[in-house]
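Undergrad: Please find one structure pasted underneath; my questions will follow.
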Amino acid sequence: MPLSIKEIVRAVGAIDYPSTLRDETVDSVAFDSREMQAGGLFVPIKAERDGHQFVRQAIENGAKATFWANDPNDAPRDIITIQVDDTLVALQALAHYYLEKIHPKVVGITGSAGKTTTKDMTAAALSATFKVHKTEGNYNNEIGLPITVLAMPADTEVLVLEMGMSDFGEIDLLAHIAPPDVAVITMIGESHIEYLGSVANIAKAKLEILNGLKENGTFIYPGDEPLLSEQMPSDPPFTAIRVGLDEEEDVYAMSINVALHETTFYTSMAPEVEMSIPVAGLHNVRNALVACAVAYALGLSMEMIHDALAGFHLSANRMEWINGIDHSQILNDTYNANPSAMKSVIRTFAQMPESEMKSRRVLVLGDMLELGTYSQAMHASVAETIDAEAISQVYLFGPEMKALNDALVDKGFPVSSIHYYESDKEQLIADIKQDLHPDDQILVKASHGMGLIDVVNALRLQ
């Protein structure tokens, strides 16, 4: 990192620290005392628990300095204490200062689905030429994003940031902490509709990323999403690039070939260069097109990024093929789920080539969370993507999946091939194991909170 105490005091507008230690430096930041590194700055966040309770543990783990927003008389005396009004606001201000100091190009990525995969693809493509730092894990909110920024090496040339949200104002905040040179919206779906009330409101909240877009920046978005296209000004103060699978878009894919572990395609930017990604699905082609468009906006050719994009690694539990028991193959996509993403993955799964053994395709689907009053209808709508000619067995888990169960029955899907479990995960696992055929292909998809990673682990070849 490293930053001096006097720099930090100035960056966050704190009360001056008059000690001779003001020239001391810290080289890391943590808000979890268990992750504190020696010589770092601790940020006690006030949330369900007051982080000030853990300052002593942070000191024991090597913290050199801490923000402090409680009574100054209660501040510890054996550590550099920087008095602030609000520790979270101070963390965000410090991240903004450090970003301006290092001054990398910033790519901000948001969207209802696909943002993590797009982030990983984009970072991989750009790493062909640039020194890249990216969001790791779920560090994409008002706490995680500043921590990601402050973890950036001083020689970083491009910072790729995932920006998450659940309500209005959150993307606006993130886009002002780290104003993007390139802003991306991957798609508009139903995630967080429980809080925002409509897909139109979700689009409005995602478009807050433009509030922080730098002058003469670039905005990349799906051209076939009317909720975005209709809100584009006729003469925007930025470069707008529409991506998609249609020739009407500014950047599009053609000659797409989907295999089990790889998808190849060509782009309108370089029709002679075959691009490759180590994952299946048209939705992943869309994600890759965004990565290609970002690279192009930052001056890279398709030839330059070809090998790096082909070798990118997905984050854990996203479209991850795993060897299962009885020679089965498990497609683990348990990180998260919303209706648009679930339908897209099921379509991709149904189109995957069968093995020489003519394996069955089996779905294991769990509840999609945060859909509010729309939940029953949206779970039921998934039935439109499930075809008995492509899918042999369907296992459904969770109270909300009862709506999909009923919709499949109404649709005429064979009742003997539908298995519903409201809450008994152990029985679900036992029944899948009992029914498993050699070489079955099994898709496991649900919101992370449903814990279907337990199903994946139970079926995994040890």
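Here, A, B, ... name the chains of the structure tokens in the order displayed, residue numbers run from 1 inside each chain, and ligands are numbered from 1 in the same displayed order.
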I'd like the contact shell of Asp333 of chain A - 10 Å cut-off, only C-alpha atoms, skipping same-chain residues fewer than 4 positions apart - returned as a VMD selection string.

TA: chain A and resid 316 to 321 337 342 345 365 443 to 448 452 to 453 456

Undergrad: Could you name the residues that touch Glu389 of chain A at 10 Å or less, counting only C-alpha atoms, but leaving out those on the same chain fewer than 5 positions away, as a list in words?

TA: Ala350, Arg361 and Phe413 of chain A

Undergrad: Could you check the closest approach to Met450 of chain A for each of A:Gly366, A:Gly324, A:Pro438, A:Pro339 and tell me which residue wins, using only C-alpha atoms?

TA: A:Gly366

Undergrad: I'd like to know which of A:Thr129, A:Ala390, A:Leu428, A:Ser255 is closest to Glu303 of chain A, using only C-alpha atoms.

TA: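 Nearest to Glu303 of chain A: A:Thr129.
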
Undergrad: Please determine, counting only C-alpha atoms, which residue among A:Ala65, A:Ala200, A:Ile15, A:Ile59 has the shortest atom-to-atom distance to Val84 of chain A.

TA: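 For Val84 of chain A, the nearest of the candidates is A:Ile15.
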
Undergrad: Tell me, as a VMD selection string, which residues lie within 9 Å of Lys204 of chain A, counting only C-alpha atoms; anything in the same chain fewer than 5 positions away does not count.

TA: chain A and resid 168 199 227 to 228

Undergrad: Each residue of segment 13-132 of chain A lying at most 8 Å from segment 188-196 of chain A should get a row with its shortest atom-to-atom pair and the distance in Å to one decimal, counting only C-alpha atoms; could you produce that, ordered by chain and increasing number, as CSV?

TA:
```
residue,atom,partner,partner_atom,distance
A:Gly111,CA,A:Ile188,CA,6.1
A:Ser112,CA,A:Gly189,CA,5.0
A:Ala113,CA,A:Gly189,CA,7.0
```

Undergrad: Please write the residues from the selection above to a file, keeping C-alpha atoms, as an mmCIF file, in the first residue's frame.

TA:
```cif
data_model
loop_
_atom_site.group_PDB
_atom_site.id
_atom_site.type_symbol
_atom_site.label_atom_id
_atom_site.label_comp_id
_atom_site.auth_asym_id
_atom_site.auth_seq_id
_atom_site.Cartn_x
_atom_site.Cartn_y
_atom_site.Cartn_z
ATOM 1 C CA GLY A 111 -25.368 -6.277 -13.411
ATOM 2 C CA SER A 112 -28.077 -8.607 -12.163
ATOM 3 C CA ALA A 113 -26.079 -11.678 -13.219
#
```

Undergrad: Could you give me, as a PyMOL selection string, each residue of segment 116-225 of chain A that DSSP assigns to strand (DSSP E or B) when run on this structure's backbone?

TA: chain A and resi 132-134+158-162+182-185+218-222

Undergrad: Can you tell me which residues surround Ser315 of chain A at a distance of at most 12 Å, considering only C-alpha atoms, apart from same-chain residues fewer than 2 positions away, and format the answer as a ChimeraX atom specification?

TA: /A:114-121,134-138,279,312-313,317-320,332-336

Undergrad: Take the residues that were just selected and, keeping N, CA, C and O atoms, output them as a short mmCIF file (atom, residue, chain, number, x, y, z; two decimals), in the first residue's frame.

TA:
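Final output, selection13.cif:
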```
data_model
loop_
_atom_site.label_atom_id
_atom_site.label_comp_id
_atom_site.auth_asym_id
_atom_site.auth_seq_id
_atom_site.Cartn_x
_atom_site.Cartn_y
_atom_site.Cartn_z
N GLY A 114 -23.92 -12.43 -13.92
CA GLY A 114 -22.76 -12.47 -14.80
C GLY A 114 -21.64 -11.51 -14.46
O GLY A 114 -20.58 -11.54 -15.10
N LYS A 115 -21.82 -10.67 -13.43
CA LYS A 115 -20.78 -9.67 -13.18
C LYS A 115 -19.48 -10.27 -12.68
O LYS A 115 -18.40 -9.79 -13.03
N THR A 116 -19.55 -11.33 -11.87
CA THR A 116 -18.31 -11.93 -11.37
C THR A 116 -17.57 -12.64 -12.49
O THR A 116 -16.34 -12.50 -12.63
N THR A 117 -18.28 -13.41 -13.31
CA THR A 117 -17.64 -14.09 -14.44
C THR A 117 -17.08 -13.07 -15.42
O THR A 117 -15.96 -13.22 -15.92
N THR A 118 -17.84 -12.01 -15.69
CA THR A 118 -17.36 -10.96 -16.59
C THR A 118 -16.13 -10.27 -16.01
O THR A 118 -15.18 -9.97 -16.73
N LYS A 119 -16.14 -10.04 -14.70
CA LYS A 119 -14.98 -9.45 -14.04
C LYS A 119 -13.75 -10.33 -14.20
O LYS A 119 -12.65 -9.86 -14.52
N ASP A 120 -13.93 -11.64 -13.99
CA ASP A 120 -12.81 -12.57 -14.12
C ASP A 120 -12.30 -12.63 -15.56
O ASP A 120 -11.08 -12.65 -15.80
N MET A 121 -13.22 -12.67 -16.53
CA MET A 121 -12.82 -12.68 -17.94
C MET A 121 -12.10 -11.40 -18.32
O MET A 121 -11.07 -11.42 -19.01
N LYS A 134 -7.97 -7.02 -9.26
CA LYS A 134 -9.42 -7.20 -9.40
C LYS A 134 -10.07 -7.53 -8.06
O LYS A 134 -9.40 -7.95 -7.10
N THR A 135 -11.38 -7.37 -8.02
CA THR A 135 -12.18 -7.79 -6.87
C THR A 135 -12.04 -9.29 -6.67
O THR A 135 -12.11 -10.07 -7.62
N GLU A 136 -11.86 -9.69 -5.42
CA GLU A 136 -11.84 -11.11 -5.08
C GLU A 136 -13.04 -11.43 -4.20
O GLU A 136 -13.48 -10.61 -3.39
N GLY A 137 -13.58 -12.63 -4.36
CA GLY A 137 -14.71 -13.05 -3.54
C GLY A 137 -15.89 -12.11 -3.69
O GLY A 137 -16.20 -11.63 -4.78
N ASN A 138 -16.54 -11.83 -2.57
CA ASN A 138 -17.73 -10.97 -2.60
C ASN A 138 -17.43 -9.56 -2.09
O ASN A 138 -18.29 -8.88 -1.55
N VAL A 279 -15.40 -22.34 -20.84
CA VAL A 279 -16.70 -22.60 -20.24
C VAL A 279 -17.74 -22.68 -21.35
O VAL A 279 -17.52 -22.19 -22.46
N PHE A 312 -8.58 -18.06 -18.78
CA PHE A 312 -9.11 -17.47 -17.55
C PHE A 312 -9.72 -18.55 -16.65
O PHE A 312 -10.14 -19.61 -17.10
N HIS A 313 -9.77 -18.24 -15.35
CA HIS A 313 -10.32 -19.18 -14.37
C HIS A 313 -11.56 -18.59 -13.73
O HIS A 313 -11.55 -17.47 -13.23
N ASN A 317 -17.51 -22.27 -7.68
CA ASN A 317 -18.94 -22.58 -7.67
C ASN A 317 -19.72 -21.87 -8.77
O ASN A 317 -20.93 -21.65 -8.64
N ARG A 318 -19.05 -21.51 -9.86
CA ARG A 318 -19.73 -20.92 -11.01
C ARG A 318 -19.43 -21.76 -12.24
O ARG A 318 -18.28 -21.81 -12.69
N MET A 319 -20.42 -22.42 -12.79
CA MET A 319 -20.28 -23.21 -14.01
C MET A 319 -19.02 -24.07 -13.96
O MET A 319 -18.23 -24.13 -14.90
N GLU A 320 -18.85 -24.76 -12.84
CA GLU A 320 -17.64 -25.54 -12.57
C GLU A 320 -17.93 -27.03 -12.74
O GLU A 320 -18.75 -27.60 -12.03
N ASN A 332 -21.44 -27.49 -11.27
CA ASN A 332 -21.68 -26.78 -10.01
C ASN A 332 -21.85 -25.29 -10.28
O ASN A 332 -20.90 -24.60 -10.63
N ASP A 333 -23.07 -24.78 -10.10
CA ASP A 333 -23.34 -23.35 -10.27
C ASP A 333 -24.15 -22.87 -9.07
O ASP A 333 -25.20 -22.25 -9.21
N THR A 334 -23.62 -23.16 -7.89
CA THR A 334 -24.35 -22.92 -6.65
C THR A 334 -24.05 -21.58 -6.00
O THR A 334 -24.53 -21.31 -4.90
N TYR A 335 -23.24 -20.74 -6.66
CA TYR A 335 -22.85 -19.49 -5.99
C TYR A 335 -24.05 -18.58 -5.79
O TYR A 335 -24.24 -17.98 -4.75
N ASN A 336 -24.88 -18.45 -6.82
CA ASN A 336 -26.05 -17.59 -6.71
C ASN A 336 -27.03 -17.92 -7.81
O ASN A 336 -26.72 -18.67 -8.74
#
```

Undergrad: Choose the residue, out of A:Ile429, A:Leu126, A:Ile177, A:Pro18, that has the smallest atom-to-atom separation from Leu91 of chain A; count only C-alpha atoms.

TA: A:Ile177

Undergrad: Can you check which residues of segment 146-231 of chain A DSSP gives as alpha helix (DSSP H) on the backbone and send them as a ChimeraX atom specification?

TA: /A:146-150,170-177,193-196,199-206,226-229

Undergrad: Could the residues in this selection be saved with N, CA and C atoms as a compact mmCIF listing (two decimals), in the first residue's frame?

TA:
```
# COMPACT_ATOMS: atom_id res chain seq x y z
N PRO A 146 -13.83 -0.65 -1.07
CA PRO A 146 -12.67 0.11 -0.58
C PRO A 146 -11.50 -0.78 -0.15
N ILE A 147 -11.81 -1.92 0.47
CA ILE A 147 -10.74 -2.84 0.86
C ILE A 147 -10.00 -3.35 -0.38
N THR A 148 -10.76 -3.66 -1.45
CA THR A 148 -10.15 -4.11 -2.70
C THR A 148 -9.23 -3.03 -3.26
N VAL A 149 -9.70 -1.79 -3.25
CA VAL A 149 -8.88 -0.68 -3.76
C VAL A 149 -7.59 -0.56 -2.96
N LEU A 150 -7.70 -0.62 -1.63
CA LEU A 150 -6.54 -0.43 -0.77
C LEU A 150 -5.57 -1.61 -0.81
N GLU A 170 -26.68 2.62 -3.85
CA GLU A 170 -25.48 1.85 -3.52
C GLU A 170 -24.46 1.88 -4.65
N ILE A 171 -24.92 1.71 -5.90
CA ILE A 171 -23.99 1.80 -7.03
C ILE A 171 -23.46 3.22 -7.17
N ASP A 172 -24.31 4.21 -6.92
CA ASP A 172 -23.88 5.61 -6.98
C ASP A 172 -22.71 5.84 -6.02
N LEU A 173 -22.81 5.32 -4.81
CA LEU A 173 -21.74 5.47 -3.83
C LEU A 173 -20.46 4.82 -4.33
N LEU A 174 -20.56 3.57 -4.80
CA LEU A 174 -19.36 2.85 -5.25
C LEU A 174 -18.71 3.54 -6.44
N ALA A 175 -19.54 4.06 -7.35
CA ALA A 175 -19.01 4.71 -8.54
C ALA A 175 -18.36 6.05 -8.23
N HIS A 176 -18.64 6.61 -7.07
CA HIS A 176 -17.96 7.84 -6.66
C HIS A 176 -16.72 7.54 -5.82
N ILE A 177 -16.73 6.41 -5.11
CA ILE A 177 -15.49 6.00 -4.43
C ILE A 177 -14.42 5.67 -5.47
N ILE A 193 -35.27 -7.78 -6.63
CA ILE A 193 -36.56 -7.17 -6.94
C ILE A 193 -37.42 -7.03 -5.69
N GLU A 194 -37.12 -7.84 -4.66
CA GLU A 194 -37.84 -7.74 -3.39
C GLU A 194 -37.70 -6.34 -2.80
N TYR A 195 -36.53 -5.71 -3.01
CA TYR A 195 -36.28 -4.39 -2.43
C TYR A 195 -36.61 -3.26 -3.39
N LEU A 196 -36.44 -3.50 -4.69
CA LEU A 196 -36.58 -2.43 -5.67
C LEU A 196 -37.95 -2.40 -6.36
N VAL A 199 -38.37 -4.58 -12.34
CA VAL A 199 -37.15 -4.70 -13.15
C VAL A 199 -36.74 -3.33 -13.66
N ALA A 200 -37.71 -2.46 -13.93
CA ALA A 200 -37.38 -1.09 -14.37
C ALA A 200 -36.60 -0.35 -13.30
N ASN A 201 -36.97 -0.54 -12.04
CA ASN A 201 -36.23 0.09 -10.94
C ASN A 201 -34.83 -0.51 -10.80
N ILE A 202 -34.72 -1.81 -11.06
CA ILE A 202 -33.39 -2.45 -11.03
C ILE A 202 -32.49 -1.81 -12.08
N ALA A 203 -33.02 -1.58 -13.29
CA ALA A 203 -32.25 -0.93 -14.35
C ALA A 203 -31.84 0.47 -13.93
N LYS A 204 -32.76 1.19 -13.30
CA LYS A 204 -32.46 2.55 -12.85
C LYS A 204 -31.34 2.54 -11.82
N ALA A 205 -31.39 1.58 -10.91
CA ALA A 205 -30.35 1.48 -9.88
C ALA A 205 -29.00 1.11 -10.48
N LYS A 206 -29.00 0.20 -11.45
CA LYS A 206 -27.74 -0.18 -12.11
C LYS A 206 -27.14 0.99 -12.87
N PRO A 226 -33.94 -3.33 -23.61
CA PRO A 226 -34.63 -2.05 -23.84
C PRO A 226 -34.64 -1.14 -22.63
N LEU A 227 -34.62 -1.70 -21.43
CA LEU A 227 -34.62 -0.86 -20.24
C LEU A 227 -33.35 -0.02 -20.13
N LEU A 228 -32.29 -0.43 -20.82
CA LEU A 228 -31.06 0.37 -20.88
C LEU A 228 -31.04 1.22 -22.15
N SER A 229 -31.32 0.59 -23.28
CA SER A 229 -31.26 1.30 -24.56
C SER A 229 -32.17 2.51 -24.59
```

Undergrad: Skipping near chain neighbours, those fewer than 3 positions away, what residues fall within 6 Å of segment 398-405 of chain A using only C-alpha atoms, listed as number ranges by chain?

TA: A: 366-367, 376, 379-380, 408, 422-423
